[in-house]
Each structure stands twice: as structure tokens, then as C-alpha cells.
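Engineer: For reference, the file structure.txt (compact mmCIF, C-alpha atoms and all ligand atoms) is included below:
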```txt
# COMPACT_ATOMS: atom_id res chain seq x y z
CA MET A 1 15.56 27.78 -0.11
CA ARG A 2 13.04 26.47 2.44
CA VAL A 3 11.14 23.27 1.72
CA CYS A 4 7.93 21.92 3.22
CA GLN A 5 8.66 19.80 6.31
CA VAL A 6 6.09 17.24 5.23
CA CYS A 7 6.19 16.90 1.44
CA ALA A 8 9.47 18.67 0.53
CA LEU A 9 7.91 21.05 -2.01
CA LYS A 10 10.08 24.14 -2.34
CA GLU A 11 8.77 27.47 -1.07
CA ASP A 12 8.70 28.92 -4.58
CA HIS A 13 6.70 26.06 -6.10
CA PRO A 14 3.97 27.64 -8.28
CA GLY A 15 0.64 27.98 -6.50
CA VAL A 16 2.00 26.78 -3.16
CA THR A 17 2.80 28.85 -0.07
CA LEU A 18 4.90 27.83 2.89
CA GLY A 19 3.75 28.78 6.41
CA ASP A 20 5.97 30.00 9.25
CA ASP A 21 5.89 26.49 10.71
CA GLY A 22 7.42 25.13 7.49
CA VAL A 23 4.30 23.34 6.28
CA CYS A 24 2.97 24.07 2.79
CA SER A 25 -0.55 25.01 1.76
CA LEU A 26 -1.10 21.65 0.05
CA CYS A 27 -0.18 19.72 3.19
CA ARG A 28 -2.46 22.04 5.10
CA LEU A 29 -5.20 21.16 2.61
CA GLY A 30 -5.42 24.73 1.39
CA LEU A 31 -6.95 23.38 -1.78
CA VAL A 32 -9.51 21.21 -0.07
CA GLY A 33 -12.53 23.32 -0.97
CA GLU A 34 -11.77 23.29 -4.67
CA LEU A 35 -10.93 19.62 -4.52
CA LEU A 36 -14.16 18.58 -2.84
CA GLU A 37 -16.20 20.61 -5.28
CA ASN A 38 -14.51 18.86 -8.18
CA PHE A 39 -15.00 15.46 -6.59
CA SER A 40 -18.68 16.00 -5.86
CA TYR A 41 -19.39 17.10 -9.45
CA THR A 42 -17.50 14.13 -10.90
CA ASP A 43 -19.21 11.71 -8.50
CA GLN A 44 -22.58 13.06 -9.56
CA VAL A 45 -21.86 12.77 -13.31
CA HIS A 46 -20.46 9.27 -12.83
CA GLU A 47 -23.57 8.14 -11.04
CA GLU A 48 -25.84 9.66 -13.66
CA PHE A 49 -23.82 7.88 -16.36
CA THR A 50 -23.94 4.44 -14.71
CA ARG A 51 -27.73 4.75 -14.27
CA SER A 52 -28.36 6.03 -17.81
CA GLY A 53 -29.93 3.77 -20.44
CA PRO A 54 -28.87 3.52 -24.10
CA ASN A 55 -28.32 6.83 -25.88
CA PRO A 56 -31.55 7.49 -27.86
CA ASN A 57 -29.71 9.74 -30.32
CA GLY A 58 -27.17 7.32 -31.72
CA PRO A 59 -25.31 4.00 -31.59
CA TYR A 60 -22.90 4.97 -28.77
CA ASP A 61 -23.52 5.55 -25.07
CA CYS A 62 -20.13 7.08 -24.59
CA LEU A 63 -16.99 8.21 -26.27
CA PHE A 64 -14.17 6.59 -24.37
CA MET A 65 -10.82 8.37 -24.55
CA TYR A 66 -8.51 5.48 -25.16
CA SER A 67 -4.76 6.10 -24.94
CA GLY A 68 -3.54 2.50 -24.83
CA GLY A 69 -2.01 3.08 -21.40
CA LYS A 70 -2.74 0.75 -18.50
CA ASP A 71 -5.45 2.89 -16.90
CA SER A 72 -7.56 3.36 -20.01
CA THR A 73 -7.12 -0.24 -21.18
CA PHE A 74 -8.29 -1.50 -17.79
CA MET A 75 -11.36 0.76 -17.84
CA LEU A 76 -12.26 0.15 -21.50
CA ASP A 77 -12.44 -3.57 -20.77
CA LYS A 78 -14.70 -2.86 -17.77
CA PHE A 79 -17.03 -0.47 -19.64
CA VAL A 80 -17.58 -2.91 -22.48
CA ASN A 81 -17.43 -6.31 -20.81
CA GLU A 82 -18.77 -5.57 -17.33
CA TYR A 83 -20.98 -2.50 -17.64
CA GLY A 84 -22.31 -3.43 -21.10
CA LYS A 85 -21.95 0.09 -22.51
CA ARG A 86 -21.88 0.71 -26.25
CA VAL A 87 -18.50 2.31 -26.51
CA LEU A 88 -16.77 4.31 -29.16
CA ALA A 89 -13.10 3.96 -28.25
CA TYR A 90 -11.56 7.21 -29.39
CA THR A 91 -7.80 7.44 -29.71
CA PHE A 92 -6.11 10.67 -30.56
CA ASP A 93 -2.84 9.87 -32.23
CA VAL A 94 -0.52 12.12 -30.25
CA PRO A 95 2.54 12.47 -32.48
CA PHE A 96 4.79 12.49 -29.39
CA GLU A 97 3.63 9.13 -28.08
CA SER A 98 5.91 6.10 -27.97
CA THR A 99 5.12 3.06 -30.11
CA HIS A 100 4.58 0.97 -26.97
CA ALA A 101 1.12 2.49 -26.62
CA ALA A 102 0.31 1.54 -30.22
CA ASP A 103 1.12 -2.10 -29.42
CA ASN A 104 -1.35 -2.08 -26.55
CA ILE A 105 -4.03 -0.53 -28.74
CA ALA A 106 -3.57 -3.36 -31.26
CA LEU A 107 -4.03 -5.91 -28.44
CA ALA A 108 -7.23 -4.21 -27.25
CA ARG A 109 -8.71 -4.07 -30.75
CA GLU A 110 -8.35 -7.83 -30.97
CA LYS A 111 -9.88 -8.56 -27.59
CA ILE A 112 -12.43 -5.86 -26.71
CA PRO A 113 -15.64 -5.54 -28.78
CA ALA A 114 -15.90 -1.76 -29.17
CA THR A 115 -15.77 0.52 -32.20
CA PHE A 116 -12.29 2.00 -32.47
CA VAL A 117 -11.68 5.41 -34.00
CA LEU A 118 -8.30 6.98 -34.60
CA ASP A 119 -8.10 10.76 -34.85
CA SER A 120 -5.05 12.92 -35.49
CA ASP A 121 -4.03 16.49 -36.22
CA ASP A 122 -0.23 16.67 -36.13
CA ASP A 123 0.17 20.18 -37.51
CA ASN A 124 -2.14 21.86 -35.04
CA ILE A 125 -1.04 20.02 -31.90
CA LYS A 126 2.57 20.82 -32.78
CA LEU A 127 1.61 24.45 -33.29
CA VAL A 128 0.06 24.51 -29.81
CA MET A 129 3.20 22.95 -28.26
CA ARG A 130 5.45 25.51 -29.95
CA GLU A 131 3.26 28.25 -28.50
CA VAL A 132 3.54 26.81 -24.98
CA PHE A 133 7.31 26.62 -25.06
CA LYS A 134 7.51 30.17 -26.45
CA LYS A 135 5.10 31.66 -23.90
CA PRO A 136 6.86 33.69 -21.21
CA VAL A 137 6.11 32.49 -17.67
CA THR A 138 4.76 34.81 -15.00
CA LYS A 139 6.10 34.45 -11.45
CA PRO A 140 5.15 33.43 -8.80
CA GLY A 141 2.82 31.35 -10.98
CA LYS A 142 -0.31 29.33 -10.41
CA TYR A 143 -0.83 25.79 -9.18
CA LEU A 144 0.28 23.33 -11.95
CA ASP A 145 2.07 25.94 -14.05
CA GLU A 146 5.11 23.66 -14.17
CA LYS A 147 3.00 21.15 -16.11
CA LEU A 148 1.60 23.56 -18.69
CA PRO A 149 3.05 21.86 -21.81
CA CYS A 150 1.60 18.50 -20.76
CA ALA A 151 -1.77 19.99 -19.79
CA SER A 152 -2.01 21.92 -23.06
CA CYS A 153 -1.38 18.85 -25.20
CA ARG A 154 -4.03 16.93 -23.30
CA THR A 155 -6.50 19.79 -23.43
CA PHE A 156 -5.99 19.99 -27.18
CA PHE A 157 -7.08 16.41 -27.79
CA VAL A 158 -9.79 16.47 -25.12
CA ILE A 159 -11.32 19.36 -27.08
CA ARG A 160 -11.02 17.31 -30.30
CA ALA A 161 -12.96 14.56 -28.49
CA ILE A 162 -15.55 17.01 -27.15
CA ILE A 163 -16.13 18.30 -30.68
CA TYR A 164 -16.42 14.74 -31.99
CA ALA A 165 -18.94 13.73 -29.31
CA PHE A 166 -20.86 16.97 -29.80
CA GLN A 167 -21.13 16.45 -33.56
CA HIS A 168 -22.15 12.77 -33.18
CA ARG A 169 -24.55 13.41 -30.28
CA ILE A 170 -22.73 11.13 -27.86
CA PRO A 171 -23.81 12.22 -24.34
CA TYR A 172 -20.79 11.13 -22.27
CA ILE A 173 -17.03 11.25 -22.61
CA ALA A 174 -15.05 8.90 -20.38
CA LEU A 175 -11.62 10.11 -19.35
CA CYS A 176 -9.29 7.89 -17.39
CA ALA A 177 -7.34 10.50 -15.46
CA ASP A 178 -5.95 8.99 -12.28
CA PRO A 179 -6.93 10.51 -8.92
CA GLN A 180 -3.87 12.73 -8.93
CA GLN A 181 -4.57 14.06 -12.41
CA ILE A 182 -8.10 15.19 -11.61
CA LEU A 183 -6.53 18.17 -9.89
CA THR A 184 -5.08 19.16 -13.22
CA MET A 185 -8.32 18.89 -15.16
CA GLU A 186 -11.43 20.87 -15.71
CA SER A 187 -14.45 18.57 -15.61
CA ASP A 188 -17.04 20.79 -17.31
CA THR A 189 -17.02 20.56 -21.11
CA ARG A 190 -17.67 24.22 -21.79
CA GLU A 191 -15.04 25.26 -19.25
CA VAL A 192 -12.42 23.07 -20.94
CA VAL A 193 -12.97 25.02 -24.16
CA ARG A 194 -13.15 28.36 -22.38
CA GLY A 195 -9.87 27.60 -20.59
CA PHE A 196 -8.14 26.99 -23.91
CA TYR A 197 -9.37 30.34 -25.22
CA GLN A 198 -8.07 31.99 -22.05
CA THR A 199 -4.63 30.41 -22.29
CA PHE A 200 -4.04 30.74 -26.02
CA GLY A 201 -6.35 33.53 -27.18
CA SER A 202 -9.09 33.37 -29.76
CA GLN A 203 -6.83 33.67 -32.78
CA LEU A 204 -4.88 30.47 -32.12
CA THR A 205 -7.99 28.67 -30.83
CA ASP A 206 -9.92 29.45 -34.01
CA THR A 207 -6.91 28.48 -36.12
CA VAL A 208 -6.55 25.02 -34.56
CA PHE A 209 -10.24 24.14 -34.07
CA ARG A 210 -11.74 26.31 -36.83
CA SER A 211 -15.29 27.36 -35.87
CA GLU A 212 -15.99 24.12 -33.97
CA ALA A 213 -14.72 25.22 -30.57
CA GLU A 214 -16.88 28.30 -30.74
CA LYS A 215 -19.98 26.15 -31.41
CA VAL A 216 -19.28 24.20 -28.21
CA LEU A 217 -18.76 27.41 -26.28
CA PHE A 218 -22.21 28.68 -27.24
CA ALA A 219 -24.18 25.39 -27.32
CA ASP A 220 -27.15 24.69 -25.02
CA ASP A 221 -26.32 22.70 -21.88
CA GLU A 222 -28.39 19.69 -23.02
CA GLU A 223 -26.42 19.44 -26.27
CA LEU A 224 -23.06 19.26 -24.54
CA PRO A 225 -21.44 15.92 -23.66
CA LYS A 226 -20.51 15.45 -19.99
CA ILE A 227 -17.13 14.19 -18.89
CA VAL A 228 -17.06 11.05 -16.74
CA PHE A 229 -13.95 10.26 -14.67
CA PRO A 230 -14.36 6.61 -13.72
CA PHE A 231 -11.13 6.49 -11.69
CA ILE A 232 -12.21 9.42 -9.59
CA ALA A 233 -15.43 7.68 -8.70
CA MET A 234 -13.45 4.62 -7.60
CA ARG A 235 -10.52 6.62 -6.17
CA TYR A 236 -10.15 4.65 -2.97
CA GLN A 237 -9.65 1.42 -4.87
CA TYR A 238 -7.17 2.80 -7.39
CA ASP A 239 -4.13 0.57 -7.39
CA PRO A 240 -1.74 0.71 -10.37
CA ASP A 241 0.04 -2.54 -9.51
CA ARG A 242 -3.21 -4.48 -9.39
CA ILE A 243 -4.32 -2.91 -12.68
CA VAL A 244 -1.15 -4.03 -14.46
CA ALA A 245 -1.42 -7.55 -13.01
CA ASP A 246 -5.08 -7.82 -14.08
CA LEU A 247 -4.31 -6.65 -17.62
CA LYS A 248 -1.35 -8.97 -18.04
CA ALA A 249 -3.51 -11.90 -16.94
CA LYS A 250 -6.02 -11.01 -19.66
CA GLY A 251 -3.33 -10.58 -22.31
CA LEU A 252 -4.16 -6.90 -22.68
CA TYR A 253 -0.89 -5.34 -21.64
CA ASN A 254 2.73 -5.83 -22.58
CA SER A 255 4.96 -3.07 -21.33
CA SER A 256 5.93 -1.60 -18.00
CA PRO A 257 4.34 1.74 -17.04
CA LEU A 258 7.57 3.62 -17.62
CA GLU A 259 7.74 2.45 -21.22
CA THR A 260 4.29 3.65 -22.27
CA HIS A 261 5.27 7.21 -22.29
CA CYS A 262 5.56 10.42 -24.15
CA THR A 263 8.63 11.30 -26.19
CA LEU A 264 8.29 14.86 -24.88
CA PHE A 265 8.90 13.67 -21.30
CA PRO A 266 12.50 14.99 -21.32
CA LEU A 267 11.29 18.35 -22.67
CA LEU A 268 8.55 18.49 -20.04
CA ASN A 269 11.24 18.09 -17.40
CA TYR A 270 13.36 20.72 -19.11
CA TYR A 271 10.39 23.12 -18.97
CA SER A 272 9.67 22.51 -15.29
CA PHE A 273 13.34 22.69 -14.26
CA LYS A 274 14.07 25.75 -16.37
CA HIS A 275 11.07 27.81 -15.32
CA TRP A 276 10.03 26.36 -11.96
CA ASN A 277 13.12 24.68 -10.56
CA CYS A 278 11.44 21.30 -10.12
CA MET A 279 11.10 18.00 -11.91
CA PHE A 280 7.97 17.33 -13.91
CA TYR A 281 6.64 14.79 -11.40
CA LYS A 282 7.36 16.98 -8.38
CA LEU A 283 3.74 17.20 -7.21
CA ASN A 284 3.36 13.45 -7.53
CA ALA A 285 6.51 12.91 -5.50
CA ALA A 286 5.32 15.40 -2.88
CA SER A 287 1.95 13.71 -2.65
CA HIS A 288 3.66 10.37 -2.18
CA ARG A 289 5.84 11.76 0.59
CA ARG A 290 2.77 13.27 2.26
CA SER A 291 0.99 9.91 2.26
CA VAL A 292 3.99 8.08 3.65
CA ARG A 293 4.33 10.66 6.45
CA ARG A 294 0.67 10.27 7.37
CA ASN A 295 0.67 6.52 7.34
CA LYS A 296 3.91 4.66 7.94
CA ASN A 297 2.44 1.49 6.46
CA TYR A 298 1.38 3.20 3.28
CA ASP A 299 2.51 0.96 0.47
CA ARG A 300 0.66 1.90 -2.65
CA SER A 301 0.37 5.03 -4.71
CA THR A 302 -2.77 6.83 -5.77
CA PHE A 303 -1.26 7.89 -9.06
CA SER A 304 0.36 6.28 -12.07
CA ILE A 305 4.02 6.64 -11.24
CA THR A 306 5.34 4.94 -8.14
CA PHE A 307 8.24 6.20 -6.05
CA PRO A 308 10.29 3.61 -4.18
CA ARG A 309 10.30 4.27 -0.45
CA ALA A 310 14.10 4.20 -0.25
CA ALA A 311 14.68 6.73 -3.04
CA ASP A 312 16.15 10.04 -1.91
CA LEU A 313 13.89 12.21 -4.06
CA PRO A 314 15.34 15.68 -3.33
CA ALA A 315 18.83 14.43 -4.23
CA ILE A 316 17.53 12.64 -7.32
CA GLU A 317 15.77 15.80 -8.43
CA GLU A 318 18.93 17.87 -8.07
CA ARG A 319 21.02 15.37 -10.09
CA MET A 320 18.31 15.16 -12.71
CA LYS A 321 18.17 18.94 -12.99
CA HIS A 322 21.87 19.14 -13.78
CA ALA A 323 21.68 16.39 -16.39
CA VAL A 324 18.58 17.84 -18.05
CA LEU A 325 19.82 21.44 -18.24
CA ASP A 326 23.30 20.34 -19.37
CA ILE A 327 21.86 18.24 -22.18
CA ALA A 328 19.44 20.98 -23.21
CA GLU A 329 22.16 23.60 -23.26
CA GLU A 330 24.83 21.31 -24.75
CA ARG A 331 27.16 21.25 -21.79
CA GLY A 332 29.24 18.39 -20.42
CA ASP A 333 29.95 14.87 -21.59
CA PRO A 334 27.09 12.80 -23.05
CA ALA A 335 28.59 9.59 -21.64
CA GLU A 336 28.49 11.06 -18.13
CA HIS A 337 24.92 12.23 -18.65
CA ARG A 338 24.02 8.73 -19.76
CA SER A 339 25.41 7.03 -16.67
CA ALA A 340 23.94 9.67 -14.34
CA LEU A 341 20.47 9.26 -15.83
CA MET A 342 20.66 5.45 -15.88
CA GLU A 343 21.46 5.58 -12.17
CA ILE A 344 18.58 7.99 -11.47
CA PHE A 345 15.96 5.89 -13.23
CA ARG A 346 17.22 2.69 -11.59
CA GLU A 347 16.87 4.38 -8.21
CA LEU A 348 13.33 5.28 -9.22
CA GLY A 349 12.62 1.60 -9.63
CA ALA A 350 12.95 1.16 -13.40
CA THR A 351 14.28 -2.10 -14.81
CA ASP A 352 17.55 -1.84 -16.77
CA ASP A 353 15.66 -1.91 -20.06
CA ALA A 354 13.21 0.77 -19.01
CA ALA A 355 16.00 2.94 -17.56
CA ARG A 356 17.94 2.66 -20.83
CA PHE A 357 14.85 3.52 -22.87
CA VAL A 358 14.08 6.65 -20.85
CA THR A 359 17.74 7.68 -20.68
CA GLU A 360 18.14 7.55 -24.48
CA GLY A 361 15.05 9.73 -24.73
CA PHE A 362 16.65 12.36 -22.51
CA LEU A 363 19.89 12.27 -24.49
CA GLY A 364 17.90 12.90 -27.68
CA MET A 365 16.05 15.88 -26.20
CA ARG A 366 17.60 18.45 -28.53
CA THR A 367 16.68 16.49 -31.65
CA VAL A 368 13.07 16.21 -30.49
CA ALA A 369 12.99 19.95 -29.80
CA THR A 370 14.46 20.80 -33.21
CA ASP A 371 11.99 18.54 -35.03
CA LEU A 372 9.18 20.33 -33.26
CA GLY A 373 10.56 23.81 -33.88
CA ILE A 374 11.26 24.53 -30.21
CA THR A 375 14.38 26.48 -29.25
CA LEU A 376 15.96 25.41 -25.95
ZN ZN A 401 3.88 20.16 1.88
```
Just dump the structure as C-alpha cells.
Structural biologist:
Amino acid sequence: MRVCQVCALKEDHPGVTLGDDGVCSLCRLGLVGELLENFSYTDQVHEEFTRSGPNPNGPYDCLFMYSGGKDSTFMLDKFVNEYGKRVLAYTFDVPFESTHAADNIALAREKIPATFVLDSDDDNIKLVMREVFKKPVTKPGKYLDEKLPCASCRTFFVIRAIIYAFQHRIPYIALCADPQQILTMESDTREVVRGFYQTFGSQLTDTVFRSEAEKVLFADDEELPKIVFPFIAMRYQYDPDRIVADLKAKGLYNSSPLETHCTLFPLLNYYSFKHWNCMFYKLNAASHRRSVRRNKNYDRSTFSITFPRAADLPAIEERMKHAVLDIAEERGDPAEHRSALMEIFRELGATDDAARFVTEGFLGMRTVATDLGITL
């Protein structure tokens, strides 16, 4: 198996091709056209949003997708307290989310003067996740295919938010994807909905959103909310460590980034290892490696998860793969899996507590799958 000389992506990584010189299409900026197009649209919408006055059609200038994570807490505080926007903080209660996020949401409700709305739809989001894990994969695959379960969950609740904003005539939706995540997201409202139809078909789409998704699909342009990505607009200043420090100083954040996470994280890794022979965060790790290669003094990440410089990522990935597939397929000794995973997460820079928390999640992977109706 050949790997990219720069970023170490494997030659069979979905959507990536490796040249004869051993450099991959991402390192060669094969995606640069698409990327720039996305950036210029998001820059334009962001500027239009910052210049816009109060929404004449209702009490809110924007629906802010608030997860309780560090990025969205940081931005919610800015939107309300610095930009003076009238914000509806919309939280979709993802049934797979750890309670740590809920603690942060409680802190924000006390300290940030916005209207907070909590939405949920456990049955339908679980139905969508079951479909994803059942769907056969097609090789060689497209860019980001290894992240399909994660992207589908997010798309589900982004569409819920789009429908909410559409019904309440809120013109903007703020989404705190980090600069890395923008590559995984569609920025045009109608295209988000169309993409869901394309992935899951009209029967499932109409089941989970009833007739509401269809209304968005056929609405006039002026009626549709636009998605604002504030972190993309400020991409050169994005600095996760500074964000956490700022939030802690304001009493708005309690946990470490690794702890605010999804209980499906082990299953997401299972999916990417099983179908695409890579860890879930492989693209993030590759992007980090690319940056370090380009600039030896590079010392911050442009995405949420950081990778310590000293960590031997290809080796870590291989060890993680064995642990994940063994646990999923009930092989080996759980005590050995536990110590192997603890070691891996420590090497990735987690504190002992965080490493233990994540490790226990991986060991419980089969229970989570069974509860959700997913067969491993
Ligand atoms: Zn590469």
C-alpha cells in the first residue's frame, strides 16, 4: 500500500488519487477550485449578514445552531454580545451526544441573553443512522465517504433547522463548522435538502421530514434562509486553544474538547476502518501533517482536534484499527483493548481522565450499536 509522501493518506483513500511521484491530489491542491468557490460564496453571505439590519419579518435576525461545543459557544457569545444580533439559539438534541455538551448549554443559558430553543426527533434521526450503516459502500468512493454516518446525522439536523428558519421567516442560519469541516458541507440551503434526497431517496426523506423538506426544495430563493459560516470568514484567525482559554475565562466552558463528544465516535471509527481502512479523523490528521511539512514552525491547528507533533499517527492508526475491529467483532481480551486504547489516546494528547472516558466509550461500542439497531 503506497501512502502520500507529504500527508500519509493511503492510495485507496476515497476521493483521493496518488501521483507517480507519490504525492496525493489533496496535497497537489486538486480540490482547490471547488474549495475557492465554496469560500467565496461563504465570504459573500457572511458579509451580507454582518451588514444586514434587523429582520423586518420577525423577532430574530438569525437562527444560531448551538451545539454547546467550544466553537459554537464562543461564536454565540460574539453574535449576541459583540455584534448585537437578535439570536435564536437553536439546539438539536442529538440523542448520541454526551452530557458534557448539555452542561455547557446550561452555562450559556445563564450568561448569554438569547432565546434558546431545544428541538429533537430521536426516532427519525436513529432511522437515518440505521440506514447509513446498512447502506452498501461503492468503491473507490468519493471524497469524505469515510465520514458518511457523521455527515448524515449533521445534515439531518441542519435540515430540521432550515425548516424551522423557513417556517419562522428567519433569514440567516449560523453554523459554526470549523475551517476543516467546510469541505464536508454544502453551503446552499436548497442543495443541502437536495443532497439528502439524493443520498437517501424520496421515500425516507418524506418519512423523516414529512412534506416540509419538499416545501424547501421548491420555495422561491428569497424565502429561503442563507447559511452563514462565521468561522470560515475568520479562518485565518481560527485557534482552538485560544477559544477554549477565552471561554474558560468567561465561565462559559468546563470540559476539554475531547470530552464534548459524540457517543457514536467509536462506531464512526468502526465504519471508516471497516469500509475505508482509515480512522475517522484521517483527513484531519493528513491536513495537520501537510501543514507541518509546509511550515516547520507550524504550531496550531486549523481544526477542532489537535495532533501532538511527536505522535506517530500511522502507527497509532494501525493499533486503533485492530482494537476497534476486535471490539466490534468480539475478538480478543477486553482488558488488553482497554490498555491499548488508553495508550493511544494519551499519545494523542488526552489527559488520563479524557483518555479513560473515550476508552470506555470504545469498549461499549457493541451496546451502543445494539441500542440503535445496528448490526456490526
Ligand atoms: Zn497528500
Engineer: Select the residues contacting ligand ZN 401 (chain A) at a distance of at most 8 Å, based on all atoms listed in the file, then format the selection as a list in words.
Structural biologist: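 Here is the list of contacting residues: Val3, Cys4, Gln5, Val6, Cys7, Ala8, Leu9, Leu18, Val23, Cys24, Ser25, Leu26, Cys27, Arg28, Ala286 and Arg290 of chain A.
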Engineer: Kindly indicate which residue among A:Ile173, A:Phe229, A:Arg242, A:Asp103 lies nearest to Asp61 in chain A, using only C-alpha atoms for the distances.
Structural biologist: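 So, comparing all the options, the nearest one is A:Ile173.
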Engineer: When distances are computed from only C-alpha atoms, which of A:Leu363, A:Ile125, A:Leu217, A:Leu148 shows the smallest separation from Phe166 in chain A?
Structural biologist: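 That would be A:Leu217, the residue with the smallest distance to Phe166 in chain A.
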Engineer: Between CA of Phe156 in chain A and CA of Thr199 in chain A, what is the distance, to one decimal in Å?
Structural biologist: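 Calculated distance between CA of Phe156 in chain A and CA of Thr199 in chain A is 11.6 Å.
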Engineer: To one decimal in Å, tell me the separation between CA of Leu268 in chain A and CA of Glu336 in chain A.
Structural biologist: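 It comes out at 21.4 Å.
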Engineer: Quick one, how far is CA of Val228 in chain A from CA of Asp246 in chain A?
Structural biologist: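 These two atoms are separated by 22.5 Å.
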Engineer: Output, as JSON, the centre and edge lengths in Å (one decimal) of the axis-aligned box that contains all listed atoms of range 334-337 of chain A with 6 Å of margin on each side.
Structural biologist:
```
{"center_x": 26.8, "center_y": 11.2, "center_z": -20.6, "size_x": 15.7, "size_y": 15.2, "size_z": 16.9}
```
Engineer: Do you know which residues are at most 9 Å from Leu76 in chain A counting all atoms listed in the file, after dropping those on the same chain fewer than 6 positions away, and could you put them as a list in words?
Structural biologist: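 My list of contacting residues is Phe64, Met65, Tyr66, Val87, Ala89, Ala108, Ile112 and Ala114 of chain A.
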Engineer: Can you tell me, as a compact mmCIF listing (two decimals) with C-alpha atoms, in the frame of the given file, what residues are no more than 7 Å from Pro225 in chain A when counting all atoms listed in the file, ignoring any on the same chain fewer than 6 positions away?
Structural biologist:
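Contents of the output file around.txt:
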```
# COMPACT_ATOMS: atom_id res chain seq x y z
CA ILE A 162 -15.55 17.01 -27.15
CA ALA A 165 -18.94 13.73 -29.31
CA PHE A 166 -20.86 16.97 -29.80
CA ILE A 170 -22.73 11.13 -27.86
CA PRO A 171 -23.81 12.22 -24.34
CA TYR A 172 -20.79 11.13 -22.27
CA ILE A 173 -17.03 11.25 -22.61
CA THR A 189 -17.02 20.56 -21.11
```
Engineer: Would you mind telling me which residue in A:Glu146, A:Thr115, A:Tyr164, A:Asp188 lies nearest to Phe273 in chain A when using all atoms listed in the file?
Structural biologist: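 With all atoms listed in the file as the atom set, the closest residue is A:Glu146.
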Engineer: Just need range 11-28 of chain A in a file, please: N, CA, C and O atoms, as a PDB file, in the first residue's frame.
Structural biologist:
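Everything below was put into part_20.pdb:
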```
ATOM      1  N   GLU A  11      -3.199   5.295  -0.676  1.00  0.00           N
ATOM      2  CA  GLU A  11      -3.562   5.483  -2.093  1.00  0.00           C
ATOM      3  C   GLU A  11      -5.012   5.129  -2.386  1.00  0.00           C
ATOM      4  O   GLU A  11      -5.574   5.588  -3.369  1.00  0.00           O
ATOM      5  N   ASP A  12      -5.643   4.322  -1.498  1.00  0.00           N
ATOM      6  CA  ASP A  12      -7.037   3.980  -1.755  1.00  0.00           C
ATOM      7  C   ASP A  12      -8.016   4.832  -0.925  1.00  0.00           C
ATOM      8  O   ASP A  12      -9.189   4.492  -0.796  1.00  0.00           O
ATOM      9  N   HIS A  13      -7.531   5.923  -0.371  1.00  0.00           N
ATOM     10  CA  HIS A  13      -8.434   6.793   0.396  1.00  0.00           C
ATOM     11  C   HIS A  13      -9.525   7.337  -0.539  1.00  0.00           C
ATOM     12  O   HIS A  13      -9.218   7.793  -1.640  1.00  0.00           O
ATOM     13  N   PRO A  14     -10.815   7.270  -0.115  1.00  0.00           N
ATOM     14  CA  PRO A  14     -11.881   7.685  -1.032  1.00  0.00           C
ATOM     15  C   PRO A  14     -11.717   9.123  -1.538  1.00  0.00           C
ATOM     16  O   PRO A  14     -11.477  10.036  -0.753  1.00  0.00           O
ATOM     17  N   GLY A  15     -11.832   9.279  -2.842  1.00  0.00           N
ATOM     18  CA  GLY A  15     -11.787  10.611  -3.440  1.00  0.00           C
ATOM     19  C   GLY A  15     -10.400  11.187  -3.607  1.00  0.00           C
ATOM     20  O   GLY A  15     -10.254  12.345  -3.983  1.00  0.00           O
ATOM     21  N   VAL A  16      -9.367  10.388  -3.302  1.00  0.00           N
ATOM     22  CA  VAL A  16      -8.000  10.896  -3.382  1.00  0.00           C
ATOM     23  C   VAL A  16      -7.209  10.017  -4.355  1.00  0.00           C
ATOM     24  O   VAL A  16      -7.366   8.807  -4.356  1.00  0.00           O
ATOM     25  N   THR A  17      -6.393  10.635  -5.196  1.00  0.00           N
ATOM     26  CA  THR A  17      -5.530   9.824  -6.066  1.00  0.00           C
ATOM     27  C   THR A  17      -4.074  10.170  -5.793  1.00  0.00           C
ATOM     28  O   THR A  17      -3.750  11.296  -5.401  1.00  0.00           O
ATOM     29  N   LEU A  18      -3.230   9.160  -5.970  1.00  0.00           N
ATOM     30  CA  LEU A  18      -1.810   9.325  -5.685  1.00  0.00           C
ATOM     31  C   LEU A  18      -1.048   9.369  -7.006  1.00  0.00           C
ATOM     32  O   LEU A  18      -1.195   8.484  -7.843  1.00  0.00           O
ATOM     33  N   GLY A  19      -0.233  10.415  -7.207  1.00  0.00           N
ATOM     34  CA  GLY A  19       0.532  10.545  -8.452  1.00  0.00           C
ATOM     35  C   GLY A  19       1.744   9.629  -8.473  1.00  0.00           C
ATOM     36  O   GLY A  19       2.092   9.025  -7.463  1.00  0.00           O
ATOM     37  N   ASP A  20       2.405   9.556  -9.638  1.00  0.00           N
ATOM     38  CA  ASP A  20       3.598   8.720  -9.772  1.00  0.00           C
ATOM     39  C   ASP A  20       4.726   9.178  -8.851  1.00  0.00           C
ATOM     40  O   ASP A  20       5.573   8.396  -8.448  1.00  0.00           O
ATOM     41  N   ASP A  21       4.733  10.467  -8.527  1.00  0.00           N
ATOM     42  CA  ASP A  21       5.765  10.995  -7.631  1.00  0.00           C
ATOM     43  C   ASP A  21       5.417  10.772  -6.157  1.00  0.00           C
ATOM     44  O   ASP A  21       6.112  11.251  -5.271  1.00  0.00           O
ATOM     45  N   GLY A  22       4.307  10.065  -5.884  1.00  0.00           N
ATOM     46  CA  GLY A  22       3.957   9.750  -4.508  1.00  0.00           C
ATOM     47  C   GLY A  22       3.292  10.887  -3.755  1.00  0.00           C
ATOM     48  O   GLY A  22       3.243  10.871  -2.523  1.00  0.00           O
ATOM     49  N   VAL A  23       2.792  11.888  -4.479  1.00  0.00           N
ATOM     50  CA  VAL A  23       2.087  12.984  -3.808  1.00  0.00           C
ATOM     51  C   VAL A  23       0.607  12.917  -4.181  1.00  0.00           C
ATOM     52  O   VAL A  23       0.258  12.710  -5.342  1.00  0.00           O
ATOM     53  N   CYS A  24      -0.278  13.085  -3.171  1.00  0.00           N
ATOM     54  CA  CYS A  24      -1.704  12.886  -3.411  1.00  0.00           C
ATOM     55  C   CYS A  24      -2.365  14.139  -3.987  1.00  0.00           C
ATOM     56  O   CYS A  24      -1.808  15.231  -3.956  1.00  0.00           O
ATOM     57  N   SER A  25      -3.586  13.923  -4.497  1.00  0.00           N
ATOM     58  CA  SER A  25      -4.301  15.023  -5.153  1.00  0.00           C
ATOM     59  C   SER A  25      -4.658  16.149  -4.178  1.00  0.00           C
ATOM     60  O   SER A  25      -4.755  17.304  -4.565  1.00  0.00           O
ATOM     61  N   LEU A  26      -4.831  15.822  -2.902  1.00  0.00           N
ATOM     62  CA  LEU A  26      -5.128  16.887  -1.930  1.00  0.00           C
ATOM     63  C   LEU A  26      -3.893  17.758  -1.716  1.00  0.00           C
ATOM     64  O   LEU A  26      -3.980  18.983  -1.658  1.00  0.00           O
ATOM     65  N   CYS A  27      -2.745  17.116  -1.592  1.00  0.00           N
ATOM     66  CA  CYS A  27      -1.507  17.875  -1.380  1.00  0.00           C
ATOM     67  C   CYS A  27      -1.160  18.707  -2.609  1.00  0.00           C
ATOM     68  O   CYS A  27      -0.517  19.730  -2.526  1.00  0.00           O
ATOM     69  N   ARG A  28      -1.613  18.217  -3.757  1.00  0.00           N
ATOM     70  CA  ARG A  28      -1.396  18.921  -5.000  1.00  0.00           C
ATOM     71  C   ARG A  28      -2.462  19.990  -5.216  1.00  0.00           C
ATOM     72  O   ARG A  28      -2.502  20.622  -6.257  1.00  0.00           O
TER      73      ARG A  28
END
```
